[in-house]
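**Q** For reference, the structure I am asking about is given below.
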Amino acid sequence: MSEKNTHPDDYINLGGLKRIAYQLLDLFFTSVNYLLSIFAKSKLLLLTGLISGMIVGYSYFRTKVPTYEVSMIVQSTELNNQTLANIIDQLGTLAQAGSQQRLADELNITPNQASRISLISTRRFDGEPLDKDTSRVHQPFEIIARITDKDITDKLQSAIIAYLNENSYLTKVQDNRTRMNQEKIAFIDNELAKLDTLKTEYNRFLTTARISATVYYNALNPAEIYDQSGKLMKEKENVMRSLNVENTPVLMINGFNSTSEPQTSSLSRALLLGALVGLAICYLLGLFVDLNRIISGKRSSKKA
């Protein structure tokens, strides 16, 4: 029967692992106790930070300019919503970047008015961003803006609509559609005149010939004449609507409606954030002072 040969190095030294574990735990709890002791050593400093932070938070709350969110409902007659959203987002980029002069130039407003605008964006009625909406044209959506002065609401509303409707590409598309619709109206009127003449001649024939209207000659059905006239009139109504109502690339369905109350952070939140920041700063300051005291003490003892 063979015997297994073992070497002392084949065994794991559990005693060494335990000592390392105890040392790590001791270091952890010692560090925690020391960090907690800073609260006791720096009570006055932490109290000062707490009070100072709350004062700063209150001052911020009182001096922060209130923001109003306004929204209006519009509809595009030429582009899908995704493309139009990209055009409007260019204004939003200028507003968020603080480019007041460029925003003022784009919207034809004063730089002072532009400085009151912090956001211009779009969204669907379900709250989702419009830049992912690939639906067809004629789908209403919202344009939203955040402003710090409600008095510029009307000016901003007209400025955004004018900015969109004066877009060079959209203007060309609109002019081309207007020209095509005018040609359609001329064609429809010409066809209706021909049908009216045909109906007049047919009625005169029935009167002079004294033949029943239910008797058709040369495969002419008078009902088809009136049916075709009705279809042309319906088509004319649609074209006239496009000319008279949908006569701009973007239509405003409902103007800016502002929220009744300004959007401001609550006083309690401002005080809480200020107190936490003040405590954190003063705690770090107290930690730095205590560590500096310990290091200085060790240096003095070495010199002695």
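Order determines the names: the first chain of the structure tokens is A, the second B, and so forth; residues in each chain are numbered 1 upward, and ligands are numbered 1 upward as they are shown.
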Do you know which residues are at most 10 Å from Glu142 of chain A counting only C-alpha atoms, after dropping those on the same chain fewer than 4 positions away, and could you put them as a list in words?

**A** Val70, Ser71, Met72, Ile73, Val74, Gln75, Ser121, Thr122, Arg123, Arg124, Phe125, Gly127, Pro129, Leu130, Met252, Ile253, Asn254 and Phe256 of chain A

**Q** Provide the atom CA of Leu232 of chain A to atom CA of Asp189 of chain A distance in Å, to one decimal place.

**A**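 Separation between atom CA of Leu232 of chain A and atom CA of Asp189 of chain A: 8.6 Å.
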
**Q** Set the distance at 10 Å and use only C-alpha atoms: which residues neighbour Tyr283 of chain A once local chain neighbours fewer than 6 positions away are removed? I'd like the list as a ChimeraX atom specification.

**A** /A:35,38-39,42-43,45-46,49,277,289

**Q** Check segment 3-245 of chain A with DSSP on the backbone and list each residue it calls strand (DSSP E), as a list in words.

**A**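 DSSP-assigned strand (DSSP E) residues in segment 3-245 of chain A: Tyr68, Glu69, Val70, Ser71, Met72, Ile73, Val74, Gln75, Ser76, Ile117, Ser118, Leu119, Ile120, Ser121, Thr122, Arg123, Phe141, Glu142, Ile143, Ile144, Ala145, Arg146 and Ile147 of chain A.
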
**Q** Could you write those residues out with C-alpha atoms, as an mmCIF file, in the first residue's frame?

**A**
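Output (result.cif):
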```
data_model
loop_
_atom_site.group_PDB
_atom_site.id
_atom_site.type_symbol
_atom_site.label_atom_id
_atom_site.label_comp_id
_atom_site.auth_asym_id
_atom_site.auth_seq_id
_atom_site.Cartn_x
_atom_site.Cartn_y
_atom_site.Cartn_z
ATOM 1 C CA TYR A 68 -42.681 80.253 -16.654
ATOM 2 C CA GLU A 69 -43.350 77.409 -19.080
ATOM 3 C CA VAL A 70 -45.581 78.296 -22.026
ATOM 4 C CA SER A 71 -46.814 76.062 -24.819
ATOM 5 C CA MET A 72 -48.719 76.449 -28.067
ATOM 6 C CA ILE A 73 -50.243 73.995 -30.530
ATOM 7 C CA VAL A 74 -49.140 74.196 -34.160
ATOM 8 C CA GLN A 75 -49.458 72.128 -37.319
ATOM 9 C CA SER A 76 -47.141 71.707 -40.270
ATOM 10 C CA ILE A 117 -35.685 82.763 -22.892
ATOM 11 C CA SER A 118 -34.044 79.669 -21.402
ATOM 12 C CA LEU A 119 -35.650 76.911 -23.493
ATOM 13 C CA ILE A 120 -37.400 76.386 -26.834
ATOM 14 C CA SER A 121 -38.375 72.818 -27.675
ATOM 15 C CA THR A 122 -41.106 70.581 -29.104
ATOM 16 C CA ARG A 123 -43.079 67.580 -27.937
ATOM 17 C CA PHE A 141 -47.834 69.107 -31.875
ATOM 18 C CA GLU A 142 -46.653 71.454 -29.133
ATOM 19 C CA ILE A 143 -43.924 74.083 -29.061
ATOM 20 C CA ILE A 144 -42.820 74.787 -25.503
ATOM 21 C CA ALA A 145 -40.685 77.598 -24.129
ATOM 22 C CA ARG A 146 -39.383 78.600 -20.712
ATOM 23 C CA ILE A 147 -39.212 82.324 -20.068
#
```

**Q** If DSSP is run on the backbone, what residues of segment 25-70 of chain A are helix (DSSP H, G or I)? A reply as a PyMOL selection string would be ideal.

**A** chain A and resi 25-41+43-63

**Q** Can those selected residues be exported to a file as an mmCIF file, in the first residue's frame so that it contains N, CA and C atoms?

**A**
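The resulting file, selection-v8.cif, is reproduced below:
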```cif
data_model
loop_
_atom_site.group_PDB
_atom_site.id
_atom_site.type_symbol
_atom_site.label_atom_id
_atom_site.label_comp_id
_atom_site.auth_asym_id
_atom_site.auth_seq_id
_atom_site.Cartn_x
_atom_site.Cartn_y
_atom_site.Cartn_z
ATOM 1 N N LEU A 25 -10.016 44.652 9.340
ATOM 2 C CA LEU A 25 -11.200 45.077 10.090
ATOM 3 C C LEU A 25 -10.846 46.162 11.097
ATOM 4 N N ASP A 26 -9.690 45.985 11.760
ATOM 5 C CA ASP A 26 -9.267 46.984 12.738
ATOM 6 C C ASP A 26 -9.016 48.323 12.065
ATOM 7 N N LEU A 27 -8.393 48.293 10.870
ATOM 8 C CA LEU A 27 -8.143 49.527 10.122
ATOM 9 C C LEU A 27 -9.456 50.185 9.715
ATOM 10 N N PHE A 28 -10.426 49.358 9.275
ATOM 11 C CA PHE A 28 -11.713 49.894 8.834
ATOM 12 C C PHE A 28 -12.444 50.582 9.987
ATOM 13 N N PHE A 29 -12.570 49.879 11.127
ATOM 14 C CA PHE A 29 -13.315 50.448 12.244
ATOM 15 C C PHE A 29 -12.582 51.631 12.864
ATOM 16 N N THR A 30 -11.243 51.573 12.861
ATOM 17 C CA THR A 30 -10.470 52.708 13.368
ATOM 18 C C THR A 30 -10.705 53.947 12.506
ATOM 19 N N SER A 31 -10.733 53.735 11.176
ATOM 20 C CA SER A 31 -10.972 54.855 10.258
ATOM 21 C C SER A 31 -12.372 55.426 10.444
ATOM 22 N N VAL A 32 -13.358 54.527 10.593
ATOM 23 C CA VAL A 32 -14.735 54.990 10.796
ATOM 24 C C VAL A 32 -14.848 55.779 12.097
ATOM 25 N N ASN A 33 -14.257 55.259 13.157
ATOM 26 C CA ASN A 33 -14.317 55.955 14.450
ATOM 27 C C ASN A 33 -13.654 57.325 14.367
ATOM 28 N N TYR A 34 -12.526 57.363 13.640
ATOM 29 C CA TYR A 34 -11.834 58.645 13.518
ATOM 30 C C TYR A 34 -12.681 59.653 12.736
ATOM 31 N N LEU A 35 -13.284 59.185 11.624
ATOM 32 C CA LEU A 35 -14.110 60.090 10.835
ATOM 33 C C LEU A 35 -15.316 60.577 11.623
ATOM 34 N N LEU A 36 -15.895 59.680 12.462
ATOM 35 C CA LEU A 36 -17.025 60.086 13.285
ATOM 36 C C LEU A 36 -16.588 61.051 14.384
ATOM 37 N N SER A 37 -15.350 60.901 14.837
ATOM 38 C CA SER A 37 -14.867 61.785 15.907
ATOM 39 C C SER A 37 -14.729 63.218 15.445
ATOM 40 N N ILE A 38 -14.627 63.425 14.134
ATOM 41 C CA ILE A 38 -14.516 64.784 13.609
ATOM 42 C C ILE A 38 -15.772 65.581 13.949
ATOM 43 N N PHE A 39 -16.932 64.904 13.966
ATOM 44 C CA PHE A 39 -18.171 65.600 14.308
ATOM 45 C C PHE A 39 -18.096 66.154 15.733
ATOM 46 N N ALA A 40 -17.519 65.347 16.651
ATOM 47 C CA ALA A 40 -17.404 65.793 18.042
ATOM 48 C C ALA A 40 -16.347 66.875 18.192
ATOM 49 N N LYS A 41 -15.266 66.765 17.437
ATOM 50 C CA LYS A 41 -14.175 67.731 17.563
ATOM 51 C C LYS A 41 -14.486 69.069 16.887
ATOM 52 N N LYS A 43 -17.676 70.583 16.407
ATOM 53 C CA LYS A 43 -19.096 70.921 16.566
ATOM 54 C C LYS A 43 -19.386 72.362 16.168
ATOM 55 N N LEU A 44 -18.590 73.262 16.670
ATOM 56 C CA LEU A 44 -18.823 74.681 16.380
ATOM 57 C C LEU A 44 -18.662 74.965 14.892
ATOM 58 N N LEU A 45 -17.633 74.365 14.284
ATOM 59 C CA LEU A 45 -17.396 74.573 12.855
ATOM 60 C C LEU A 45 -18.548 74.017 12.027
ATOM 61 N N LEU A 46 -19.028 72.821 12.403
ATOM 62 C CA LEU A 46 -20.143 72.208 11.660
ATOM 63 C C LEU A 46 -21.423 73.005 11.850
ATOM 64 N N LEU A 47 -21.647 73.521 13.037
ATOM 65 C CA LEU A 47 -22.834 74.345 13.274
ATOM 66 C C LEU A 47 -22.778 75.618 12.429
ATOM 67 N N THR A 48 -21.569 76.184 12.336
ATOM 68 C CA THR A 48 -21.394 77.369 11.494
ATOM 69 C C THR A 48 -21.692 77.048 10.024
ATOM 70 N N GLY A 49 -21.185 75.888 9.558
ATOM 71 C CA GLY A 49 -21.450 75.483 8.180
ATOM 72 C C GLY A 49 -22.919 75.242 7.923
ATOM 73 N N LEU A 50 -23.608 74.630 8.914
ATOM 74 C CA LEU A 50 -25.036 74.358 8.774
ATOM 75 C C LEU A 50 -25.826 75.654 8.629
ATOM 76 N N ILE A 51 -25.553 76.603 9.521
ATOM 77 C CA ILE A 51 -26.287 77.869 9.492
ATOM 78 C C ILE A 51 -25.938 78.666 8.241
ATOM 79 N N SER A 52 -24.641 78.702 7.905
ATOM 80 C CA SER A 52 -24.218 79.450 6.709
ATOM 81 C C SER A 52 -24.840 78.857 5.448
ATOM 82 N N GLY A 53 -24.868 77.513 5.367
ATOM 83 C CA GLY A 53 -25.458 76.870 4.194
ATOM 84 C C GLY A 53 -26.936 77.167 4.050
ATOM 85 N N MET A 54 -27.659 77.185 5.166
ATOM 86 C CA MET A 54 -29.094 77.500 5.116
ATOM 87 C C MET A 54 -29.319 78.945 4.705
ATOM 88 N N ILE A 55 -28.428 79.843 5.163
ATOM 89 C CA ILE A 55 -28.551 81.252 4.760
ATOM 90 C C ILE A 55 -28.321 81.393 3.258
ATOM 91 N N VAL A 56 -27.297 80.703 2.758
ATOM 92 C CA VAL A 56 -27.015 80.758 1.318
ATOM 93 C C VAL A 56 -28.182 80.161 0.532
ATOM 94 N N GLY A 57 -28.737 79.035 1.008
ATOM 95 C CA GLY A 57 -29.872 78.419 0.328
ATOM 96 C C GLY A 57 -31.086 79.328 0.306
ATOM 97 N N TYR A 58 -31.330 80.025 1.408
ATOM 98 C CA TYR A 58 -32.464 80.956 1.463
ATOM 99 C C TYR A 58 -32.242 82.139 0.517
ATOM 100 N N SER A 59 -31.000 82.641 0.503
ATOM 101 C CA SER A 59 -30.683 83.760 -0.390
ATOM 102 C C SER A 59 -30.854 83.360 -1.851
ATOM 103 N N TYR A 60 -30.431 82.141 -2.173
ATOM 104 C CA TYR A 60 -30.589 81.651 -3.542
ATOM 105 C C TYR A 60 -32.072 81.557 -3.910
ATOM 106 N N PHE A 61 -32.871 81.071 -2.965
ATOM 107 C CA PHE A 61 -34.309 80.929 -3.217
ATOM 108 C C PHE A 61 -34.962 82.281 -3.460
ATOM 109 N N ARG A 62 -34.538 83.291 -2.691
ATOM 110 C CA ARG A 62 -35.153 84.604 -2.799
ATOM 111 C C ARG A 62 -34.709 85.352 -4.062
ATOM 112 N N THR A 63 -33.476 85.104 -4.486
ATOM 113 C CA THR A 63 -32.944 85.849 -5.631
ATOM 114 C C THR A 63 -33.146 85.142 -6.962
#
```

**Q** Would you pick out the contacts of Gly230 of chain A at 12 Å or less, using only C-alpha atoms, so that residues sharing its chain but fewer than 3 positions from it are not included, and give the list as a ChimeraX atom specification?

**A** /A:188,191-192,195-196,223-227,233-237

**Q** Which value, in Å to one decimal, gives the distance between atom CA of Asn247 of chain A and atom CA of Gln82 of chain A?

**A**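 Spanning atom CA of Asn247 of chain A to atom CA of Gln82 of chain A is a straight-line distance of 20.8 Å.
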
**Q** If we count only C-alpha atoms and set the cut-off at 12 Å, which residues sit around Tyr169 of chain A, ignoring sequence neighbours fewer than 6 positions away in its own chain? Please answer as a PDB file with N, CA and C atoms, in the first residue's frame.

**A**
```pdb
ATOM      1  N   GLU A  78     -46.282  71.310 -44.602  1.00  0.00           N
ATOM      2  CA  GLU A  78     -45.297  70.968 -45.627  1.00  0.00           C
ATOM      3  C   GLU A  78     -44.331  69.871 -45.203  1.00  0.00           C
ATOM      4  N   LEU A  79     -43.860  69.882 -43.958  1.00  0.00           N
ATOM      5  CA  LEU A  79     -42.843  68.940 -43.495  1.00  0.00           C
ATOM      6  C   LEU A  79     -43.413  68.019 -42.433  1.00  0.00           C
ATOM      7  N   LEU A  84     -39.395  69.260 -38.798  1.00  0.00           N
ATOM      8  CA  LEU A  84     -39.702  70.567 -38.216  1.00  0.00           C
ATOM      9  C   LEU A  84     -39.111  70.688 -36.816  1.00  0.00           C
ATOM     10  N   ILE A  87     -35.570  71.849 -36.951  1.00  0.00           N
ATOM     11  CA  ILE A  87     -35.451  73.280 -37.215  1.00  0.00           C
ATOM     12  C   ILE A  87     -35.654  74.082 -35.935  1.00  0.00           C
ATOM     13  N   TYR A 163     -40.506  82.951 -37.805  1.00  0.00           N
ATOM     14  CA  TYR A 163     -39.221  82.296 -38.095  1.00  0.00           C
ATOM     15  C   TYR A 163     -39.432  81.041 -38.935  1.00  0.00           C
ATOM     16  N   ASP A 175     -44.803  78.241 -51.970  1.00  0.00           N
ATOM     17  CA  ASP A 175     -45.107  78.961 -53.213  1.00  0.00           C
ATOM     18  C   ASP A 175     -45.404  77.983 -54.347  1.00  0.00           C
ATOM     19  N   ASN A 176     -44.664  76.898 -54.404  1.00  0.00           N
ATOM     20  CA  ASN A 176     -44.906  75.899 -55.451  1.00  0.00           C
ATOM     21  C   ASN A 176     -46.266  75.238 -55.269  1.00  0.00           C
ATOM     22  N   PRO A 249     -46.566  77.496 -44.228  1.00  0.00           N
ATOM     23  CA  PRO A 249     -45.950  76.199 -43.906  1.00  0.00           C
ATOM     24  C   PRO A 249     -46.307  75.688 -42.515  1.00  0.00           C
TER      25      PRO A 249
END
```

**Q** If I take atom CA of Ser115 of chain A and atom CA of Ala159 of chain A, how far is one from the other in Å, to one decimal?

**A**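 Going from atom CA of Ser115 of chain A over to atom CA of Ala159 of chain A, I get 14.6 Å.
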
**Q** With distances taken over only C-alpha atoms, which residue among A:Ala114, A:Val173, A:Leu164, A:Ile294 lies nearest Asn86 of chain A?

**A** A:Leu164

**Q** Find the spatial neighbours of Ala193 of chain A, counting only C-alpha atoms, within a cut-off of 10 Å - ignore same-chain residues fewer than 6 positions away - and output them as a ChimeraX atom specification.

**A** /A:187,199,229

**Q** Deliver the residues from the most recent selection as a file, using N, CA and C atoms, as a PDB file, in the first residue's frame.

**A**
```
ATOM      1  N   PHE A 187     -58.384  74.546 -63.661  1.00  0.00           N
ATOM      2  CA  PHE A 187     -58.789  73.344 -64.388  1.00  0.00           C
ATOM      3  C   PHE A 187     -60.189  72.891 -63.954  1.00  0.00           C
ATOM      4  N   LYS A 199     -75.131  70.001 -69.201  1.00  0.00           N
ATOM      5  CA  LYS A 199     -76.421  69.838 -68.508  1.00  0.00           C
ATOM      6  C   LYS A 199     -77.475  70.758 -69.107  1.00  0.00           C
ATOM      7  N   SER A 229     -69.986  66.397 -61.417  1.00  0.00           N
ATOM      8  CA  SER A 229     -69.996  67.788 -60.933  1.00  0.00           C
ATOM      9  C   SER A 229     -69.809  67.835 -59.426  1.00  0.00           C
TER      10      SER A 229
END
```
